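See below for upload-v4.cif, which holds mmCIF, C-alpha atoms.
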```cif
data_target
loop_
_atom_site.label_atom_id
_atom_site.label_comp_id
_atom_site.auth_asym_id
_atom_site.auth_seq_id
_atom_site.Cartn_x
_atom_site.Cartn_y
_atom_site.Cartn_z
CA MET E 1 -0.79 20.41 29.82
CA ALA E 2 -1.30 22.94 32.57
CA SER E 3 -0.26 26.56 32.26
CA ALA E 4 1.59 28.48 34.94
CA GLN E 5 -0.71 31.08 36.45
CA ARG E 6 0.16 34.71 37.07
CA ARG E 7 -0.09 35.84 40.67
CA SER E 8 -3.07 38.11 41.30
CA GLY E 9 -2.86 41.15 43.57
CA ALA E 10 0.94 41.15 43.63
CA SER E 11 3.45 43.35 41.89
CA TRP E 12 6.11 41.78 39.76
CA ALA E 13 9.77 42.14 40.54
CA THR E 14 11.92 43.57 37.79
CA ASP E 15 13.32 40.12 37.07
CA SER E 16 9.96 38.44 36.48
CA TRP E 17 8.15 38.22 33.16
CA PHE E 18 4.72 37.08 32.10
CA PHE E 19 3.84 35.50 28.76
CA ASP E 20 0.54 35.17 26.94
CA ILE E 21 0.62 32.27 24.46
CA ILE E 22 -2.13 32.33 21.83
CA VAL E 23 -3.07 28.95 20.39
CA SER E 24 -5.69 28.20 17.76
CA ASP E 25 -7.35 25.00 16.69
CA GLY E 26 -4.74 22.69 15.15
CA PHE E 27 -1.77 24.46 16.76
CA VAL E 28 1.75 23.11 16.16
CA LEU E 29 2.71 21.13 19.25
CA THR E 30 6.44 21.36 18.52
CA GLU E 31 6.31 25.13 18.81
CA LEU E 32 4.15 25.23 21.93
CA ALA E 33 6.33 22.65 23.70
CA ALA E 34 9.49 24.57 22.81
CA ILE E 35 8.14 27.72 24.44
CA THR E 36 6.75 26.19 27.62
CA ASP E 37 9.42 23.55 28.25
CA LEU E 38 12.27 26.03 27.88
CA LEU E 39 10.60 28.53 30.21
CA ARG E 40 9.82 25.72 32.66
CA ILE E 41 13.42 24.48 32.65
CA ALA E 42 14.70 28.03 33.05
CA ASN E 43 12.43 28.42 36.09
CA ARG E 44 14.08 25.48 37.83
CA THR E 45 17.63 26.58 37.09
CA VAL E 46 17.44 29.92 38.94
CA ALA E 47 16.68 30.77 42.57
CA GLN E 48 13.30 32.39 41.94
CA ALA E 49 11.23 31.32 38.92
CA PRO E 50 11.19 34.35 36.61
CA PHE E 51 8.69 33.15 34.02
CA SER E 52 4.92 32.60 34.12
CA TRP E 53 2.49 32.12 31.27
CA VAL E 54 -1.11 31.49 30.31
CA PHE E 55 -2.63 30.00 27.18
CA ARG E 56 -5.20 32.13 25.37
CA SER E 57 -7.62 31.78 22.49
CA ALA E 58 -10.36 34.00 21.08
CA LYS E 59 -13.15 32.47 23.21
CA GLY E 60 -11.18 30.46 25.74
CA GLY E 61 -11.83 26.82 26.53
CA ARG E 62 -10.25 23.61 25.32
CA ILE E 63 -8.11 23.86 22.17
CA GLY E 64 -6.56 20.85 20.42
CA CYS E 65 -3.63 20.34 18.08
CA ARG E 66 -3.39 17.92 15.17
CA SER E 67 -1.31 15.58 17.31
CA GLY E 68 -4.29 15.02 19.62
CA VAL E 69 -3.04 17.10 22.57
CA TYR E 70 -5.38 19.64 24.18
CA VAL E 71 -4.76 22.70 26.34
CA GLU E 72 -7.15 24.76 28.41
CA THR E 73 -7.15 28.41 27.37
CA GLU E 74 -8.40 31.68 28.74
CA PRO E 75 -10.12 34.23 26.45
CA PHE E 76 -8.44 37.34 25.11
CA VAL E 77 -8.55 40.42 27.30
CA GLN E 78 -9.09 43.99 26.09
CA LYS E 79 -6.14 45.38 28.04
CA PRO E 80 -3.46 42.68 28.14
CA ASP E 81 -0.71 43.12 30.72
CA ALA E 82 1.70 40.46 29.48
CA ASP E 83 5.33 41.36 28.87
CA PHE E 84 5.52 39.01 25.89
CA LEU E 85 3.05 37.47 23.46
CA PHE E 86 3.75 34.30 21.47
CA VAL E 87 1.33 33.32 18.70
CA VAL E 88 1.69 29.66 17.71
CA GLY E 89 0.99 28.68 14.12
CA ASN E 90 -1.47 25.96 13.12
CA SER E 91 -0.30 24.76 9.68
CA ASP E 92 -2.98 26.88 7.96
CA PRO E 93 -2.11 30.52 7.22
CA ASP E 94 -5.69 31.00 5.96
CA SER E 95 -7.18 30.13 9.35
CA PRO E 96 -9.36 32.99 10.64
CA ASP E 97 -7.88 32.29 14.09
CA LEU E 98 -4.62 33.81 12.83
CA SER E 99 -6.17 37.10 11.71
CA LEU E 100 -4.94 38.92 14.80
CA GLN E 101 -3.83 42.40 13.78
CA GLN E 102 -6.14 44.09 16.27
CA THR E 103 -5.11 41.71 19.04
CA ILE E 104 -1.42 42.17 18.24
CA SER E 105 -1.88 45.95 18.33
CA SER E 106 -3.47 45.71 21.77
CA TYR E 107 -0.26 44.09 23.04
CA THR E 108 2.23 46.33 21.26
CA TYR E 109 0.30 49.44 22.35
CA ARG E 110 1.01 48.47 25.96
CA GLY E 111 4.67 47.77 25.32
CA ALA E 112 4.62 43.96 24.97
CA LYS E 113 7.03 42.21 22.62
CA VAL E 114 5.18 39.98 20.15
CA TYR E 115 6.58 36.78 18.61
CA LEU E 116 4.71 35.33 15.61
CA LEU E 117 5.64 31.77 14.66
CA ALA E 118 5.50 30.19 11.19
CA GLU E 119 1.91 30.43 9.87
CA ALA E 120 1.11 33.21 12.34
CA ALA E 121 4.03 35.17 10.86
CA SER E 122 2.89 34.32 7.34
CA ARG E 123 -0.62 35.62 8.02
CA TYR E 124 0.74 38.82 9.57
CA ILE E 125 3.03 39.37 6.56
CA ARG E 126 0.13 38.88 4.17
CA ASP E 127 -2.18 41.17 6.16
CA ILE E 128 0.23 44.12 6.34
CA GLY E 129 1.20 43.83 2.65
CA ASP E 130 3.75 46.36 1.44
CA GLU E 131 4.96 47.02 4.99
CA ALA E 132 6.24 43.45 5.28
CA SER E 133 9.72 44.08 3.89
CA GLY E 134 12.41 42.27 5.86
CA LEU E 135 10.05 39.98 7.78
CA THR E 136 10.43 36.22 7.80
CA THR E 137 8.43 33.01 8.08
CA HIS E 138 9.07 29.31 7.54
CA TRP E 139 10.52 28.76 4.08
CA GLU E 140 7.53 26.61 3.05
CA ASN E 141 5.22 29.51 3.81
CA SER E 142 7.51 31.83 1.84
CA VAL E 143 6.92 29.66 -1.21
CA VAL E 144 3.16 29.97 -0.77
CA LEU E 145 3.36 33.74 -0.30
CA ARG E 146 5.38 34.15 -3.48
CA GLU E 147 3.00 32.01 -5.50
CA ARG E 148 -0.06 33.86 -4.17
CA LEU E 149 1.18 37.46 -4.14
CA GLY E 150 3.79 37.29 -6.85
CA MET E 151 5.71 40.26 -5.50
CA PHE E 152 6.60 39.27 -1.96
CA ASP E 153 9.92 37.70 -1.14
CA ALA E 154 10.02 36.73 2.54
CA GLY E 155 13.31 36.62 4.34
CA TYR E 156 14.93 33.30 5.19
CA ALA E 157 16.33 34.14 8.61
CA LEU E 158 15.25 32.08 11.62
CA ALA E 159 13.68 35.25 12.99
CA SER E 160 13.36 38.91 12.08
CA ASP E 161 12.97 41.60 14.74
CA ASN E 162 10.95 44.57 13.54
CA GLY E 163 10.86 46.47 16.82
CA GLN E 164 7.93 45.22 18.87
CA VAL E 165 7.02 42.41 16.47
CA VAL E 166 9.32 39.45 15.79
CA THR E 167 8.41 37.14 12.92
CA CYS E 168 9.88 33.63 13.22
CA ALA E 169 10.28 30.50 11.14
CA GLY E 170 8.78 28.46 13.98
CA MET E 171 9.24 24.68 14.24
CA GLY E 172 12.72 23.83 15.58
CA ALA E 173 13.80 27.47 15.33
CA THR E 174 11.40 28.23 18.19
CA THR E 175 13.94 26.68 20.55
CA ASP E 176 16.68 29.05 19.37
CA VAL E 177 14.40 32.09 19.62
CA VAL E 178 13.28 31.27 23.18
CA LEU E 179 16.83 30.45 24.27
CA ALA E 180 17.99 33.80 22.91
CA LEU E 181 15.22 35.49 24.87
CA ILE E 182 16.19 33.66 28.08
CA GLY E 183 19.80 34.73 27.60
CA ARG E 184 18.78 38.34 27.18
CA LEU E 185 16.33 38.42 30.11
CA VAL E 186 18.22 36.31 32.66
CA SER E 187 21.84 35.52 31.74
CA SER E 188 23.97 33.72 29.19
CA ALA E 189 24.82 31.16 31.86
CA THR E 190 21.14 30.33 32.32
CA GLN E 191 20.72 30.14 28.57
CA MET E 192 23.61 27.68 28.33
CA THR E 193 22.29 25.58 31.21
CA VAL E 194 18.84 25.31 29.65
CA ALA E 195 20.36 24.45 26.26
CA ASN E 196 22.49 21.73 27.86
CA ILE E 197 19.48 20.21 29.63
CA MET E 198 17.63 20.20 26.32
CA LEU E 199 20.70 18.57 24.66
CA HIS E 200 20.66 21.54 22.28
CA GLU E 201 24.30 21.81 21.30
CA ASN E 202 24.37 25.14 19.48
CA VAL E 203 22.09 28.12 19.97
CA ARG E 204 21.70 29.56 16.51
CA ASP E 205 21.62 33.31 16.10
CA PRO E 206 18.10 34.43 15.06
CA GLY E 207 19.65 36.04 11.99
CA SER E 208 20.98 32.68 10.79
CA LEU E 209 19.50 31.40 7.54
CA GLN E 210 17.04 28.54 7.67
CA PRO E 211 18.53 25.22 6.53
CA PHE E 212 16.94 23.64 3.44
CA SER E 213 15.47 27.03 2.50
CA GLY E 214 17.00 27.20 -0.94
CA VAL E 215 19.33 30.04 0.02
CA LYS E 216 21.68 28.08 2.22
CA PRO E 217 23.42 24.81 1.30
CA THR E 218 21.80 21.75 2.74
CA ILE E 219 23.96 20.00 5.31
CA THR E 220 24.92 16.77 3.57
CA GLY E 221 28.61 16.85 4.31
CA ASP E 222 29.51 17.09 0.62
CA SER E 223 30.02 20.48 -1.07
CA ASP E 224 29.21 19.24 -4.59
CA LEU E 225 25.98 17.69 -3.37
CA ASP E 226 25.10 20.85 -1.45
CA GLN E 227 25.64 22.93 -4.58
CA CYS E 228 23.63 20.50 -6.71
CA ILE E 229 20.64 20.59 -4.36
CA ARG E 230 20.78 24.37 -4.22
CA ILE E 231 20.62 24.54 -8.04
CA MET E 232 17.67 22.14 -7.98
CA GLN E 233 15.86 24.27 -5.41
CA GLU E 234 16.40 27.39 -7.50
CA ASN E 235 15.08 25.72 -10.65
CA MET E 236 11.79 24.06 -9.80
CA GLU E 237 9.66 25.55 -12.58
CA GLU E 238 12.18 24.74 -15.32
CA PRO E 239 14.18 21.73 -14.09
CA VAL E 240 17.85 21.64 -15.06
CA PRO E 241 18.83 18.42 -16.90
CA ILE E 242 21.24 16.20 -15.01
CA SER E 243 23.77 16.57 -17.85
CA GLU E 244 23.78 20.35 -17.29
CA LEU E 245 23.99 19.91 -13.52
CA VAL E 246 27.18 17.86 -13.73
CA ASP E 247 28.67 20.37 -16.18
CA ARG E 248 28.03 23.19 -13.70
CA LEU E 249 29.52 21.16 -10.87
CA GLY E 250 32.52 20.00 -12.90
CA ILE E 251 32.04 16.33 -11.99
CA SER E 252 30.90 13.23 -13.86
CA THR E 253 27.35 11.89 -13.94
CA ARG E 254 28.57 8.70 -12.27
CA SER E 255 30.20 10.69 -9.45
CA LEU E 256 26.99 12.66 -8.83
CA GLU E 257 24.95 9.45 -8.77
CA ARG E 258 27.33 7.94 -6.19
CA LYS E 259 27.03 11.02 -4.00
CA PHE E 260 23.22 10.91 -4.07
CA LYS E 261 23.24 7.19 -3.33
CA THR E 262 25.72 7.55 -0.47
CA PHE E 263 24.27 10.58 1.28
CA LEU E 264 20.57 10.49 0.34
CA GLY E 265 19.84 6.92 -0.73
CA SER E 266 18.36 8.15 -4.00
CA THR E 267 19.22 9.03 -7.57
CA PRO E 268 19.54 12.64 -8.75
CA ASN E 269 16.46 12.37 -10.97
CA THR E 270 14.31 10.75 -8.28
CA PHE E 271 15.38 13.28 -5.66
CA TYR E 272 14.70 16.22 -8.01
CA ARG E 273 11.28 14.87 -8.95
CA GLU E 274 10.28 14.22 -5.33
CA MET E 275 11.43 17.70 -4.32
CA ARG E 276 9.20 19.25 -7.00
CA LEU E 277 6.28 17.01 -6.05
CA SER E 278 6.63 18.07 -2.42
CA LYS E 279 6.43 21.72 -3.50
CA ALA E 280 3.40 20.85 -5.61
CA ASN E 281 1.72 19.23 -2.62
CA ASN E 282 2.36 22.34 -0.53
CA LEU E 283 0.80 24.57 -3.19
CA LEU E 284 -2.11 22.20 -3.66
CA LEU E 285 -2.99 22.26 0.03
CA ASN E 286 -2.28 25.92 0.72
CA THR E 287 -3.24 27.90 -2.40
CA THR E 288 -6.19 28.22 -4.76
CA MET E 289 -3.98 27.74 -7.83
CA SER E 290 -5.42 25.32 -10.38
CA VAL E 291 -3.92 21.86 -10.67
CA ARG E 292 -2.51 22.78 -14.08
CA GLU E 293 -0.94 25.97 -12.72
CA ILE E 294 0.67 24.00 -9.90
CA GLY E 295 2.03 21.44 -12.34
CA LEU E 296 3.61 24.17 -14.45
CA ALA E 297 5.02 25.95 -11.38
CA CYS E 298 6.75 22.74 -10.32
CA GLY E 299 8.17 21.74 -13.69
CA PHE E 300 5.48 19.30 -14.83
CA PRO E 301 4.03 20.72 -18.07
CA SER E 302 2.20 17.43 -18.72
CA GLY E 303 1.28 14.25 -16.87
CA PHE E 304 1.27 15.98 -13.48
CA SER E 305 -1.91 14.35 -12.09
CA GLY E 306 -0.76 10.84 -12.93
CA LEU E 307 2.70 11.39 -11.49
CA TYR E 308 1.22 12.95 -8.36
CA LYS E 309 -1.07 9.94 -7.85
CA SER E 310 1.79 7.47 -8.33
CA PHE E 311 3.73 9.26 -5.58
CA PHE E 312 1.01 10.23 -3.07
CA GLY E 313 -1.58 7.55 -3.87
CA ILE E 314 -4.35 10.04 -4.64
CA THR E 315 -5.04 12.46 -7.47
CA PRO E 316 -4.69 16.21 -6.88
CA PHE E 317 -8.41 16.69 -7.51
CA ALA E 318 -9.40 13.94 -5.07
CA LEU E 319 -7.12 15.39 -2.40
CA ARG E 320 -8.67 18.84 -2.73
CA LYS E 321 -12.16 17.37 -2.64
CA SER E 322 -11.42 15.38 0.53
CA ARG E 323 -9.86 18.46 2.15
CA ARG E 324 -12.97 20.55 1.39
CA MET E 325 -15.24 17.83 2.76
CA GLY E 326 -13.14 17.61 5.92
CA GLU E 327 -13.48 21.36 6.47
CA ASN E 328 -17.28 21.27 6.17
#
```
Output the file's structure as structure tokens, nothing else.
Amino acid sequence: MASAQRRSGASWATDSWFFDIIVSDGFVLTELAAITDLLRIANRTVAQAPFSWVFRSAKGGRIGCRSGVYVETEPFVQKPDADFLFVVGNSDPDSPDLSLQQTISSYTYRGAKVYLLAEAASRYIRDIGDEASGLTTHWENSVVLRERLGMFDAGYALASDNGQVVTCAGMGATTDVVLALIGRLVSSATQMTVANIMLHENVRDPGSLQPFSGVKPTITGDSDLDQCIRIMQENMEEPVPISELVDRLGISTRSLERKFKTFLGSTPNTFYREMRLSKANNLLLNTTMSVREIGLACGFPSGFSGLYKSFFGITPFALRKSRRMGEN
């Protein structure tokens, strides 16, 4: 994947913009592709290509993602002259590669707009602590932040603009954020053209809530099912019995079971259990909480290890051991 190079020894026109894109080992390919493909398509839809970019990393050189794709990067510079900086997450908010406060400051000091995606946003939120009010990250990372810090409640918007720093949910929301930027910098017509080429039907407003975040109904096409899943998401630690769920919804147990079977191919109990196990897996991989603490946080006061193994095929302890060995 080659990066577009900035012209040396030439001044930029007012309608040209340069991007630095920071990637770290294990970067999320979905996010990187969303940035570069949208800018590339925008470049071919207007008379003179307005966007150029370069990939950067702390030391430069070849950087790979977990999908097996590699990019060549240039090292950081002390006095960056980019108009925009995007920092791509890498599925590990603890990665030292994402500890970039000084680097971010070097860009904002010179007037650049900084976009932090997913884990990069999560790390920034954690690093600035009490100043993080109103910022956002991917909803999975929000769960981890709450479990670790106890007091922080990240926003659930697709993106949150805090002046020179924009924190983003990343993943598929990256497309919406970049399209919004193209619309602002070039024109709404260009934005629409790029979205049409990408077969992206609706450009979501960055302030829109993330789907499946627990604060917005999931899009199943059934209001009762949406409400049921929202109650489940809000009650992970102390699961609500199915009998109480149907009472809250005002429908019969049989009707709820039919809805789950029709829309999700599952039963209410199985879906609820798998949802809690998925949260447990996230906490297991991304926090230092004990296995017992994770079980309690996900509504499994007993038998958690056995249930986890029956679902994932490995015990929580074995998974953590293999992860530590892989990092050494």
Nearest to Leu283 in chain E: which of E:Leu39, E:Met232, E:Val114, E:Val143 is it, counting all atoms listed in the file?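 The answer is E:Val143, which sits nearest to Leu283 in chain E.
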Taking the file as I've supplied it (selection: the PyMOL selection byres ((chain E and resi 228) around 12)), which residues are included? Please answer as a PyMOL selection string. chain E and resi 214+216-218+220+222-227+229-235+240-251+253+256-257+259-260+268-269+271-272
Taking the file as shown, what set of residues would the PyMOL selection byres ((chain E and resi 20-28) around 8) give back, as a ChimeraX atom specification? /E:18-19,29-32,53-57,63-66,82,84-91,97-98,171
Report, in Å with one decimal, the straight-line distance from CA of Val291 in chain E to CA of Phe304 in chain E. 8.3 Å
Please indicate the distance in Å from CA of Leu179 in chain E to CA of Gln191 in chain E, rounded to one decimal place.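 CA of Gln191 in chain E lies at a distance of 5.8 Å from CA of Leu179 in chain E.
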With 4 Å on each side, where is the centre of the axis-aligned box around all listed atoms of range 302-321 of chain E, and how long are its edges in Å to one decimal, as AutoDock Vina command-line options?
```
--center_x -4.2 --center_y 13.2 --center_z -10.6 --size_x 23.9 --size_y 19.4 --size_z 24.3
```
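Going from CA of Ser208 in chain E to CA of Ala157 in chain E covers 5.3 Å.
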Would you pick out the contacts of Lys79 in chain E at 12 Å or less, using all atoms listed in the file, so that residues sharing its chain but fewer than 4 positions from it are not included, and give the list as a list in words?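 What passes the distance filter is Pro75, Gln102, Thr103, Ile104, Ser105, Ser106, Tyr107, Thr108, Tyr109, Arg110, Gly111 and Ala112 of chain E.
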Pick from E:Ile197, E:Leu209, E:Leu116, E:Ala58 nearest to Thr167 in chain E, counting all atoms listed in the file: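 Smallest separation from Thr167 in chain E among the options: E:Leu116.
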